[in-house]
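Asker: This structure is in structure tokens; I'll ask about it shortly.
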Amino acid sequence: MSQQINTVTVIGSGTMGNGICHVFAQSGFNVHMMDINQGALDKAMGTIGKNMDRQVTKGAISEEDKQQAIGRIKTFTDMAEAVKGSGLVVEAATENIDLKLNIFRQLDQHCDADCILASNTSSISITKIASVTSRPGKVIGMHFMNPVPVMKLVEIINGYATDAAVSKTIYDLSVQLGKTPCMANDYPGFVANRILMPMINEAIITLQEGVAGVAEIDTIMKLGMAHPMGPLQLADFIGLDTCLSILNVLHNGIGNPKYAPATLLVNMVQAGRLGTKSGEGFYKYTPGSKDLVVSERLAHIK
Ligand code: CAA
């Protein structure tokens, strides 16, 4: 039988963290959103409000539903306070192994003994994360996709020691969120990024070799394969630093040279061109504009 969970703590209030809070609150859970600074939490509450407004505008939810969902979210800067009474913690901090291991060590100390600890990691080993806790059976991957309120998938990753009952609880909970869960085992990149990242990397190598320009590569993949975004735009949307770190996990973990990150990707990350979050990646982004303008640095490749 599934464990009953009423309160969920989400660690991190960035794009993924606030999206995860959004869907849990909308599905009737009490949500504790935790970040290390109050400014980030205030910004995240503003983002959740704006994203719920989109749903109100198109009639998916009422203004009252929105207010009730927002009312279910409390913000915290102290971890011990944030996890009090929670049956589940979903960690959605930056994709950095040392940071995540440190967070899980602290969570293990502060959370109730029966609390499930989930990570939204896109590639870091769940078994490794679980190994720094005293409850490896209760550690699992709960990988949401961006934008969380829109994307239907939750990739559930079972670590080597994850209890079957914990997998079932997280599976049922994902269904309760209106998502479609899919189970994967703990290998580098799991399923989603093991398949997505080599495609993005190949698109970057295709650009690097001058096979075609940015707009052409994206249009070919968008219109030819019915993808909602071309791979280069998607890389900007995910964050080029995140793409690079996932490719490094694949390359180091599987050891096959086919996963080696494109030199152009490495250079762009080193130059701070990280995609939408930095204002420029393969495209240049102007706040308030939806136009896709190819970065001047790459416009010579046609
Ligand atoms: N919250 C709520 N609703 C949102 C939203 C958000 N954050 N973002 C978009 N929407 C809604 C819009 O209101 C709109 O709703 P309607 O169609 O009902 O009017 C709908 O989503 C489409 O949005 P837009 O019209 O603004 O723009 P679009 O049609 O270009 O779609 C997109 C935007 C949904 C992001 C689409 O381009 C898309 O699906 N892109 C691919 C996304 C993807 O592949 N995500 C996975 C990335 S990988 C990942 O996350 C994990 C990892 O490990 C790297």
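Residue numbers start at 1 in each chain; chains themselves are named A, B, ... in the order of the structure tokens; ligands are numbered from 1 in the order shown.
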Could you report the residues within 7 Å of ligand 1, using only C-alpha atoms and all ligand atoms, as a compact mmCIF listing (two decimals) with N, CA and C atoms, in the first residue's frame?

Answerer:
# COMPACT_ATOMS: atom_id res chain seq x y z
N GLY A 19 8.45 25.12 -10.16
CA GLY A 19 7.48 24.35 -10.96
C GLY A 19 6.95 23.15 -10.17
N ASN A 51 2.62 31.94 -13.56
CA ASN A 51 2.33 30.71 -14.31
C ASN A 51 0.91 30.22 -14.05
N MET A 52 0.41 30.43 -12.82
CA MET A 52 -0.98 30.04 -12.54
C MET A 52 -1.94 30.99 -13.26
N ARG A 54 -1.54 32.15 -16.20
CA ARG A 54 -1.70 31.62 -17.57
C ARG A 54 -2.82 30.59 -17.59
N GLN A 55 -2.83 29.75 -16.54
CA GLN A 55 -3.86 28.69 -16.48
C GLN A 55 -5.25 29.27 -16.23
N LYS A 58 -6.59 30.82 -19.54
CA LYS A 58 -7.14 29.88 -20.54
C LYS A 58 -8.25 29.00 -19.95
N SER A 122 18.97 15.35 -12.86
CA SER A 122 18.78 14.91 -14.24
C SER A 122 19.80 13.87 -14.63
N PHE A 144 11.39 15.57 -12.88
CA PHE A 144 10.35 16.34 -13.58
C PHE A 144 10.99 17.00 -14.80
N MET A 145 10.16 17.39 -15.77
CA MET A 145 10.64 18.06 -16.98
C MET A 145 10.19 19.52 -16.98
N ASN A 146 10.95 20.35 -17.62
CA ASN A 146 10.69 21.79 -17.68
C ASN A 146 9.90 22.13 -18.95
N PRO A 147 8.84 22.93 -18.89
CA PRO A 147 8.19 23.53 -17.74
C PRO A 147 7.31 22.52 -16.99
N VAL A 148 7.57 22.41 -15.68
CA VAL A 148 6.93 21.35 -14.87
C VAL A 148 5.39 21.38 -14.95
N PRO A 149 4.74 22.56 -14.89
CA PRO A 149 3.28 22.52 -14.94
C PRO A 149 2.73 21.98 -16.27
N VAL A 150 3.55 22.01 -17.33
CA VAL A 150 3.07 21.62 -18.67
C VAL A 150 3.45 20.19 -19.03
N MET A 151 4.66 19.78 -18.68
CA MET A 151 5.19 18.50 -19.16
C MET A 151 4.62 17.34 -18.33
N ALA A 192 15.86 9.55 -20.01
CA ALA A 192 15.58 10.81 -20.71
C ALA A 192 16.86 11.45 -21.25
N ASN A 193 17.83 11.64 -20.37
CA ASN A 193 19.02 12.37 -20.82
C ASN A 193 20.04 11.50 -21.53
N PRO A 228 8.77 20.04 -30.54
CA PRO A 228 8.25 21.38 -30.25
C PRO A 228 9.32 22.47 -30.35
N MET A 229 10.56 22.12 -30.08
CA MET A 229 11.69 23.06 -30.20
C MET A 229 12.82 22.33 -30.91
N LEU A 234 16.37 24.08 -27.54
CA LEU A 234 16.10 23.28 -26.34
C LEU A 234 17.32 23.32 -25.40
N ILE A 238 17.22 24.49 -21.57
CA ILE A 238 17.68 23.64 -20.44
C ILE A 238 18.82 24.35 -19.70
N CYS A 243 23.49 21.07 -19.72
CA CYS A 243 23.75 20.09 -20.80
C CYS A 243 25.18 19.55 -20.67

Asker: Fewer than 4 positions away in the same chain doesn't count, so skip those; otherwise give me all residues within 12 Å of A:Cys115, counting only C-alpha atoms, as a ChimeraX atom specification.

Answerer: /A:3-9,83-90,107-111,134-140,166,169-170

Asker: Just want the 10 Å neighbourhood of A:Ile254, counted on only C-alpha atoms, with same-chain residues fewer than 6 positions away dropped. Output as a list in words.

Answerer: Tyr187, Pro188, Gly189 and Asn248 of chain A

Asker: Keeping only all heavy atoms, write those residues as an mmCIF file, in the first residue's frame.

Answerer:
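Just written: again.cif:
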data_model
loop_
_atom_site.group_PDB
_atom_site.id
_atom_site.type_symbol
_atom_site.label_atom_id
_atom_site.label_comp_id
_atom_site.auth_asym_id
_atom_site.auth_seq_id
_atom_site.Cartn_x
_atom_site.Cartn_y
_atom_site.Cartn_z
ATOM 1 N N TYR A 187 21.324 4.227 -14.015
ATOM 2 C CA TYR A 187 22.518 4.221 -14.873
ATOM 3 C C TYR A 187 22.714 5.644 -15.360
ATOM 4 O O TYR A 187 21.746 6.415 -15.397
ATOM 5 C CB TYR A 187 22.330 3.249 -16.054
ATOM 6 C CG TYR A 187 22.416 1.815 -15.594
ATOM 7 C CD1 TYR A 187 21.299 1.159 -15.089
ATOM 8 C CD2 TYR A 187 23.638 1.145 -15.598
ATOM 9 C CE1 TYR A 187 21.392 -0.137 -14.608
ATOM 10 C CE2 TYR A 187 23.734 -0.162 -15.114
ATOM 11 C CZ TYR A 187 22.612 -0.793 -14.623
ATOM 12 O OH TYR A 187 22.720 -2.069 -14.135
ATOM 13 N N PRO A 188 23.934 6.045 -15.742
ATOM 14 C CA PRO A 188 24.185 7.457 -16.067
ATOM 15 C C PRO A 188 23.176 8.027 -17.071
ATOM 16 O O PRO A 188 22.957 7.463 -18.138
ATOM 17 C CB PRO A 188 25.596 7.434 -16.646
ATOM 18 C CG PRO A 188 26.245 6.253 -15.975
ATOM 19 C CD PRO A 188 25.156 5.232 -15.840
ATOM 20 N N GLY A 189 22.554 9.155 -16.685
ATOM 21 C CA GLY A 189 21.596 9.841 -17.553
ATOM 22 C C GLY A 189 20.211 9.217 -17.545
ATOM 23 O O GLY A 189 19.294 9.730 -18.185
ATOM 24 N N ASN A 248 28.988 15.249 -19.327
ATOM 25 C CA ASN A 248 30.174 14.773 -18.592
ATOM 26 C C ASN A 248 29.846 13.539 -17.754
ATOM 27 O O ASN A 248 30.648 12.609 -17.669
ATOM 28 C CB ASN A 248 30.749 15.893 -17.713
ATOM 29 C CG ASN A 248 31.582 16.862 -18.541
ATOM 30 O OD1 ASN A 248 32.205 16.486 -19.546
ATOM 31 N ND2 ASN A 248 31.590 18.126 -18.154
#

Asker: Show which residues sit within 10 Å of A:Lys74, as a list in words. Count only C-alpha atoms, and ignore same-chain residues fewer than 6 positions away.

Answerer: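 Contacts, in chain order: Thr9, Cys21, Asn30, Val31, His32, Met33, Met34, Leu41, Met45 and Ala82 of chain A.
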
Asker: So what do you get for atom CA of A:Val175 versus atom CA of A:Gln68, distance-wise?

Answerer: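 Value for the atom CA of A:Val175-atom CA of A:Gln68 distance: 20.8 Å.
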
Asker: Give me, as a PyMOL selection string, the residues of stretch 164-215 of chain A that a backbone DSSP run labels strand (DSSP E).

Answerer: chain A and resi 180-185
